[in-house]
Structures are given as C-alpha cells and as structure tokens.
>>> print(open('structure.txt').read())   # compact mmCIF, C-alpha atoms
# COMPACT_ATOMS: atom_id res chain seq x y z
CA MET A 1 -12.14 -14.68 -5.65
CA HIS A 2 -13.31 -11.54 -3.92
CA LEU A 3 -12.15 -9.03 -6.53
CA VAL A 4 -14.08 -6.00 -7.65
CA PRO A 5 -14.62 -5.57 -11.38
CA GLU A 6 -12.44 -3.03 -13.15
CA SER A 7 -14.87 -0.21 -12.28
CA ARG A 8 -13.74 2.75 -10.18
CA ASP A 9 -16.38 2.02 -7.50
CA ARG A 10 -14.08 0.30 -5.03
CA SER A 11 -15.20 1.88 -1.81
CA LYS A 12 -15.91 -1.53 -0.32
CA LEU A 13 -14.43 -4.96 -0.92
CA SER A 14 -15.06 -8.08 1.11
CA ASP A 15 -12.25 -10.01 2.68
CA PRO A 16 -12.17 -13.81 2.61
CA GLY A 17 -14.14 -13.91 5.87
CA GLY A 18 -16.89 -11.74 4.39
CA THR A 19 -16.24 -8.65 6.52
CA LEU A 20 -16.60 -5.38 4.62
CA PHE A 21 -13.91 -2.73 4.88
CA ARG A 22 -13.36 0.54 3.03
CA MET A 23 -10.74 1.03 0.33
CA ALA A 24 -9.21 4.12 -1.28
CA THR A 25 -7.29 4.69 -4.48
CA TRP A 26 -3.90 6.37 -4.19
CA GLN A 27 -5.55 9.54 -5.51
CA GLN A 28 -8.28 9.44 -2.87
CA PHE A 29 -5.67 8.95 -0.15
CA SER A 30 -3.60 11.80 -1.62
CA GLU A 31 -6.59 14.12 -1.59
CA GLU A 32 -7.51 13.20 1.99
CA ALA A 33 -3.98 13.35 3.44
CA PRO A 34 -1.81 15.23 0.90
CA ALA A 35 1.26 15.89 3.07
CA LEU A 36 1.40 12.30 4.32
CA ALA A 37 0.84 10.89 0.81
CA GLU A 38 3.69 13.03 -0.56
CA LYS A 39 6.11 11.83 2.15
CA ILE A 40 5.12 8.19 1.62
CA LYS A 41 5.47 8.52 -2.16
CA GLU A 42 8.90 10.08 -1.61
CA ARG A 43 10.00 7.01 0.38
CA PHE A 44 8.65 4.57 -2.22
CA THR A 45 10.34 6.39 -5.10
CA ALA A 46 13.69 6.88 -3.29
CA THR A 47 14.72 3.27 -3.93
CA LYS A 48 13.66 0.62 -6.39
CA SER A 49 12.95 -2.50 -4.33
CA HIS A 50 10.58 -2.87 -1.37
CA VAL A 51 9.19 -5.72 0.74
CA LEU A 52 5.72 -6.98 -0.18
CA ALA A 53 3.77 -9.22 2.21
CA THR A 54 1.03 -11.46 0.81
CA VAL A 55 -1.06 -14.30 2.20
CA ARG A 56 -0.16 -17.87 1.17
CA ARG A 57 -2.82 -20.49 0.43
CA ASP A 58 -2.37 -21.93 3.95
CA GLY A 59 -2.83 -18.48 5.53
CA SER A 60 0.79 -17.93 6.46
CA PRO A 61 2.61 -14.79 5.29
CA ARG A 62 4.93 -14.60 2.30
CA VAL A 63 7.38 -11.74 1.77
CA SER A 64 8.78 -10.89 -1.64
CA GLY A 65 10.79 -8.14 -3.21
CA SER A 66 8.63 -5.84 -5.30
CA GLU A 67 8.74 -2.53 -7.13
CA VAL A 68 5.95 0.03 -7.14
CA ASP A 69 4.80 2.43 -9.81
CA PHE A 70 2.67 5.54 -9.38
CA ARG A 71 0.54 5.89 -12.51
CA GLU A 72 -2.27 8.39 -12.95
CA GLN A 73 -4.45 8.01 -9.83
CA ASP A 74 -3.16 4.59 -8.82
CA LEU A 75 -0.34 2.84 -7.02
CA LEU A 76 0.63 -0.30 -8.95
CA ILE A 77 2.87 -3.32 -8.62
CA GLY A 78 3.83 -5.82 -11.27
CA SER A 79 4.87 -9.42 -11.14
CA MET A 80 6.32 -12.00 -13.47
CA ILE A 81 3.71 -14.30 -14.95
CA GLY A 82 3.00 -17.20 -12.60
CA ALA A 83 5.05 -15.85 -9.68
CA MET A 84 3.96 -17.03 -6.23
CA LYS A 85 3.23 -13.47 -5.03
CA ALA A 86 0.93 -12.99 -8.05
CA LYS A 87 -0.86 -16.26 -7.26
CA ASP A 88 -1.24 -15.15 -3.64
CA LEU A 89 -2.74 -11.81 -4.69
CA GLN A 90 -5.09 -13.42 -7.21
CA ARG A 91 -6.45 -15.71 -4.51
CA ASP A 92 -6.45 -13.24 -1.58
CA GLY A 93 -5.64 -9.65 -2.44
CA ARG A 94 -4.63 -8.56 1.04
CA PHE A 95 -1.16 -7.05 1.08
CA ALA A 96 1.24 -4.83 2.98
CA ILE A 97 4.25 -3.22 1.39
CA HIS A 98 7.14 -1.65 3.26
CA ALA A 99 9.37 0.90 1.54
CA ALA A 100 13.08 0.53 2.02
CA SER A 101 13.72 2.15 5.40
CA ALA A 102 15.70 5.36 5.80
CA ILE A 103 15.28 5.72 9.58
CA ASP A 104 18.95 4.88 10.22
CA GLU A 105 19.94 7.77 7.94
CA GLY A 106 17.64 10.23 9.73
CA GLY A 107 14.80 9.66 7.26
CA ALA A 108 11.47 7.89 7.48
CA ASP A 109 9.94 4.46 7.17
CA ALA A 110 6.77 4.04 5.03
CA LYS A 111 4.19 1.25 4.85
CA VAL A 112 0.83 0.91 3.11
CA SER A 113 -1.64 -1.94 3.18
CA GLY A 114 -4.97 -2.87 1.66
CA LYS A 115 -6.21 -5.03 -1.18
CA ALA A 116 -4.49 -5.64 -4.52
CA VAL A 117 -6.80 -5.90 -7.52
CA GLU A 118 -5.42 -7.45 -10.69
CA ILE A 119 -5.89 -5.48 -13.89
CA THR A 120 -6.90 -8.11 -16.42
CA ASP A 121 -7.92 -6.09 -19.48
CA PRO A 122 -5.13 -6.88 -22.00
CA ALA A 123 -5.18 -3.40 -23.54
CA GLU A 124 -4.93 -1.75 -20.10
CA VAL A 125 -2.12 -4.09 -19.03
CA ALA A 126 -0.24 -3.35 -22.25
CA ARG A 127 -0.76 0.40 -21.80
CA LEU A 128 0.52 0.30 -18.22
CA GLN A 129 3.31 -2.20 -18.89
CA GLY A 130 4.66 -0.56 -22.02
CA ASP A 131 7.54 -2.51 -23.54
CA ASP A 132 8.38 -4.35 -20.32
CA GLY A 133 6.94 -7.64 -21.59
CA GLU A 134 4.16 -9.85 -20.31
CA ALA A 135 3.38 -9.47 -16.61
CA HIS A 136 0.68 -9.38 -13.97
CA VAL A 137 -0.30 -5.83 -12.98
CA PHE A 138 -2.08 -5.10 -9.70
CA ARG A 139 -3.66 -1.86 -8.49
CA LEU A 140 -3.10 -1.33 -4.76
CA ASP A 141 -6.23 -0.03 -3.05
CA LEU A 142 -5.43 1.24 0.43
CA THR A 143 -6.92 0.70 3.86
CA GLU A 144 -4.06 2.31 5.79
CA ALA A 145 -0.74 4.12 5.46
CA VAL A 146 1.94 4.82 8.07
CA LEU A 147 5.05 6.99 8.05
CA THR A 148 7.46 6.50 10.97
CA TRP A 149 10.50 8.60 11.92
CA VAL A 150 12.66 9.43 14.93
CA GLU A 151 13.55 12.84 16.33
CA GLY A 152 15.75 12.86 19.42
CA ASN A 153 14.30 10.32 21.87
CA THR A 154 10.84 10.30 20.28
CA ILE A 155 9.47 8.04 17.58
CA TYR A 156 6.63 9.56 15.53
CA PHE A 157 3.91 7.87 13.49
CA ASP A 158 1.75 9.67 10.93
CA PHE A 159 -1.12 7.24 10.51
CA TRP A 160 -4.01 7.29 8.00
CA LYS A 161 -6.85 4.80 7.91
CA GLU A 162 -9.58 4.80 5.26
CA GLY A 163 -12.77 6.29 6.68
CA GLN A 164 -10.99 7.57 9.80
CA GLY A 165 -8.62 10.20 8.41
CA SER A 166 -5.11 10.79 9.69
CA LYS A 167 -3.43 11.55 12.98
CA ARG A 168 0.04 11.80 14.45
CA LEU A 169 1.13 9.61 17.33
CA ALA A 170 4.35 9.85 19.31
CA ARG A 171 6.19 7.63 21.75
CA PRO A 172 8.54 9.90 23.71
CA ASP A 173 11.42 8.29 25.62
CA ASN A 174 10.08 4.79 24.84
CA GLY A 175 7.04 5.58 27.00
CA PRO A 176 3.33 5.31 26.22
CA VAL A 177 1.99 6.34 22.82
CA VAL A 178 0.25 9.73 22.78
CA GLU A 179 -1.58 11.65 20.06
CA VAL A 180 0.14 14.91 19.12
CA ALA A 181 -0.65 17.80 16.77
CA SER A 182 0.51 17.49 13.16
CA ASP A 183 2.64 20.14 11.47
>>> encode(input="structure.txt", output="structure tokens")
Amino acid sequence: MHLVPESRDRSKLSDPGGTLFRMATWQQFSEEAPALAEKIKERFTATKSHVLATVRRDGSPRVSGSEVDFREQDLLIGSMIGAMKAKDLQRDGRFAIHAASAIDEGGADAKVSGKAVEITDPAEVARLQGDDGEAHVFRLDLTEAVLTWVEGNTIYFDFWKEGQGSKRLARPDNGPVVEVASD
C-alpha cells in the first residue's frame, strides 16, 4: 500500500506508478480557495448521497453511492466493513466523488478528487464514527476540485488544483474554453 501514516504531513503521496503528486487537506483547500470551497461544501451538504469512483484491482473504475462528512479540518467518507469500495481504497486510494448535481435546477455541479487515506486508529475511528457502529473511515486528501454551472449560453468551471491555485474557465456558446476573471 502507498498510504501515508496518520501524521498531518501529507503534502506528497506516491501513486501506484511511483509518481509524486501534491495533496491538500480540506482545510488547506478551504484556506487557499475559500469561496470555491464554500460552494463545493454547499453542494456536498445539500443532499445525502453522492457518486464515488474508485479503482478496482484490475484497474477498471467502480462507482458506488457514498456519503461525505466534513469534520474538523477534513473531508471524510465511511464504508461498511468489507465493502468493495473500501477494499478498492485500501489497495489504491485514488478517488473522485461527484456531488448530486443541481445544474438542471439552476444550481451547480461539484467534484473533488485525490487520495483517500484510511484512518485505522480505533480510538480515532470511534471518535469520528460515534454511535454509528463499526465502519471503515477514510480521510479525503485533495488534488483537485471543480464547480460547474450554466448561465445563459455559457458553462463555467471554477477549477482548483493543488500547487496551482484556482481559476475560472468558461465555454461560451459551446465554443472554445477561455479563462475569465473570477468574482
């Protein structure tokens, strides 16, 4: 496994191929891009269930329903003991999670991706889990976050990538993507 110990020094994790990439806690992301983080959190807390993508043993994608929880400085997901998504994340922590979309209702679409790190300390799991019973708990460290919405004939993307900051892109009238000023 390529998991970082429970320490808070998670600025770099290696992927299965050995390439290093930067990671951020939810708090670090929130401090770097506060307006974007607030809008993404709003989408993830608006509904209960979201779509989690993990990597199967054979390298193909698996999608599963999942709930998120914002606790202290972290974004967390839980899983039933022995669930396939938990096994996927234990073996290869790469994930993407898509909040239930609200674009059709004039709202936004939110996605985050990165590396899930299982919290294995029993006392910490119990503290985070409360009375919800035995479960796997994973902290979601982020590499990127995207918020997408439509205004008129233009689709907008607020995009943040760890180590590169955030920017707003637009695709007016289904034409080429251009960078535009943020609010």
>>> closest_residue(input="structure.txt", among="A:Ala53, A:Val63, A:Val125, A:Ala145", to="Phe29 in chain A", atoms="only C-alpha atoms")
A:Ala145
>>> axis_aligned_box(input="structure.txt", around="range 34-51 of chain A", padding_each_side="3 Å", output="lines of an AutoDock Vina configuration file")
center_x = 6.5
center_y = 5.1
center_z = -1.0
size_x = 22.5
size_y = 27.6
size_z = 16.7
>>> atom_distance(input="structure.txt", atom1="CA of Glu124 in chain A", atom2="CA of Lys87 in chain A")
19.8 Å
>>> residues_near_point(input="structure.txt", point="(-5.1, 3.1, -7.0)", cutoff="10 Å", atoms="all atoms listed in the file", output="ChimeraX atom specification")
/A:8,10,23-29,70-76,116-117,138-142
>>> residues_around(input="structure.txt", residues="range 56-62 of chain A", least_positions_apart="3", cutoff="12 Å", atoms="only C-alpha atoms", output="JSON, numbers by chain")
{"A": [16, 51, 52, 53, 65, 84, 85, 86, 87, 88, 89, 90, 91, 92, 93, 94, 95, 96, 97]}
>>> atom_distance(input="structure.txt", atom1="CA of Gln164 in chain A", atom2="CA of Val180 in chain A")
16.3 Å
>>> residues_around(input="structure.txt", residues="Ser49 in chain A", least_positions_apart="4", cutoff="9 Å", atoms="only C-alpha atoms", output="list in words")
Phe44, Gly65, Ser66, Glu67, Val68, Ala99 and Ala100 of chain A
>>> closest_residue(input="structure.txt", among="A:Glu32, A:Asp109, A:Asp173, A:Glu162", to="Thr148 in chain A", atoms="all atoms listed in the file")
A:Asp109
>>> atom_distance(input="structure.txt", atom1="CA of Arg168 in chain A", atom2="CA of Asp69 in chain A")
26.4 Å
>>> closest_residue(input="structure.txt", among="A:His98, A:Arg171, A:His136, A:Asp104", to="Gly82 in chain A", atoms="only C-alpha atoms")
A:His136
>>> build_atoms(input="structure.txt", residues="range 163-174 of chain A", atoms="all heavy atoms", output="tab-separated table (two decimals), in the frame of the given file")
chain	number	residue	atom	x	y	z
A	163	GLY	N	-11.55	6.04	5.93
A	163	GLY	CA	-12.77	6.29	6.68
A	163	GLY	C	-12.55	6.92	8.04
A	163	GLY	O	-13.50	7.33	8.70
A	164	GLN	N	-11.28	7.01	8.49
A	164	GLN	CA	-10.99	7.57	9.80
A	164	GLN	C	-10.04	8.76	9.73
A	164	GLN	O	-9.77	9.39	10.75
A	164	GLN	CB	-10.38	6.50	10.71
A	164	GLN	CG	-11.32	5.35	10.99
A	164	GLN	CD	-10.67	4.29	11.86
A	164	GLN	OE1	-9.69	4.53	12.55
A	164	GLN	NE2	-11.22	3.09	11.81
A	165	GLY	N	-9.53	9.07	8.55
A	165	GLY	CA	-8.62	10.20	8.41
A	165	GLY	C	-7.24	9.90	8.95
A	165	GLY	O	-6.84	8.74	9.08
A	166	SER	N	-6.49	10.97	9.25
A	166	SER	CA	-5.11	10.79	9.69
A	166	SER	C	-4.87	11.44	11.05
A	166	SER	O	-5.62	12.34	11.45
A	166	SER	CB	-4.14	11.35	8.65
A	166	SER	OG	-4.37	12.72	8.45
A	167	LYS	N	-3.84	10.97	11.71
A	167	LYS	CA	-3.43	11.55	12.98
A	167	LYS	C	-1.96	11.26	13.18
A	167	LYS	O	-1.38	10.40	12.53
A	167	LYS	CB	-4.26	11.02	14.14
A	167	LYS	CG	-4.19	9.52	14.35
A	167	LYS	CD	-5.13	9.11	15.47
A	167	LYS	CE	-5.32	7.61	15.49
A	167	LYS	NZ	-6.30	7.21	16.51
A	168	ARG	N	-1.37	12.01	14.10
A	168	ARG	CA	0.04	11.80	14.45
A	168	ARG	C	0.10	11.26	15.88
A	168	ARG	O	-0.52	11.80	16.78
A	168	ARG	CB	0.83	13.10	14.35
A	168	ARG	CG	2.28	12.93	14.78
A	168	ARG	CD	3.13	14.10	14.42
A	168	ARG	NE	3.24	14.15	12.97
A	168	ARG	CZ	3.70	15.21	12.30
A	168	ARG	NH1	4.07	16.30	12.94
A	168	ARG	NH2	3.78	15.19	10.99
A	169	LEU	N	0.88	10.20	16.02
A	169	LEU	CA	1.13	9.61	17.33
A	169	LEU	C	2.62	9.75	17.62
A	169	LEU	O	3.44	9.81	16.71
A	169	LEU	CB	0.73	8.13	17.33
A	169	LEU	CG	-0.71	7.81	16.93
A	169	LEU	CD1	-0.92	6.30	16.86
A	169	LEU	CD2	-1.69	8.45	17.90
A	170	ALA	N	2.95	9.78	18.90
A	170	ALA	CA	4.35	9.85	19.31
A	170	ALA	C	4.57	8.93	20.50
A	170	ALA	O	3.65	8.69	21.28
A	170	ALA	CB	4.73	11.28	19.68
A	171	ARG	N	5.80	8.46	20.60
A	171	ARG	CA	6.19	7.63	21.75
A	171	ARG	C	7.48	8.22	22.30
A	171	ARG	O	8.58	7.80	21.95
A	171	ARG	CB	6.38	6.19	21.31
A	171	ARG	CG	6.60	5.27	22.47
A	171	ARG	CD	6.54	3.84	22.04
A	171	ARG	NE	6.60	3.02	23.24
A	171	ARG	CZ	6.67	1.72	23.24
A	171	ARG	NH1	6.69	1.08	22.09
A	171	ARG	NH2	6.72	1.06	24.35
A	172	PRO	N	7.34	9.25	23.17
A	172	PRO	CA	8.54	9.90	23.71
A	172	PRO	C	9.26	9.01	24.73
A	172	PRO	O	8.62	8.35	25.55
A	172	PRO	CB	8.01	11.17	24.36
A	172	PRO	CG	6.53	11.00	24.48
A	172	PRO	CD	6.12	9.88	23.57
A	173	ASP	N	10.57	9.01	24.65
A	173	ASP	CA	11.42	8.29	25.62
A	173	ASP	C	10.98	6.85	25.84
A	173	ASP	O	11.02	6.34	26.96
A	173	ASP	CB	11.47	9.04	26.95
A	173	ASP	CG	12.09	10.42	26.79
A	173	ASP	OD1	13.13	10.50	26.10
A	173	ASP	OD2	11.53	11.39	27.31
A	174	ASN	N	10.51	6.19	24.79
A	174	ASN	CA	10.08	4.79	24.84
A	174	ASN	C	8.91	4.58	25.82
A	174	ASN	O	8.69	3.48	26.30
A	174	ASN	CB	11.26	3.88	25.20
A	174	ASN	CG	11.12	2.52	24.57
A	174	ASN	OD1	10.39	2.34	23.61
A	174	ASN	ND2	11.82	1.56	25.12
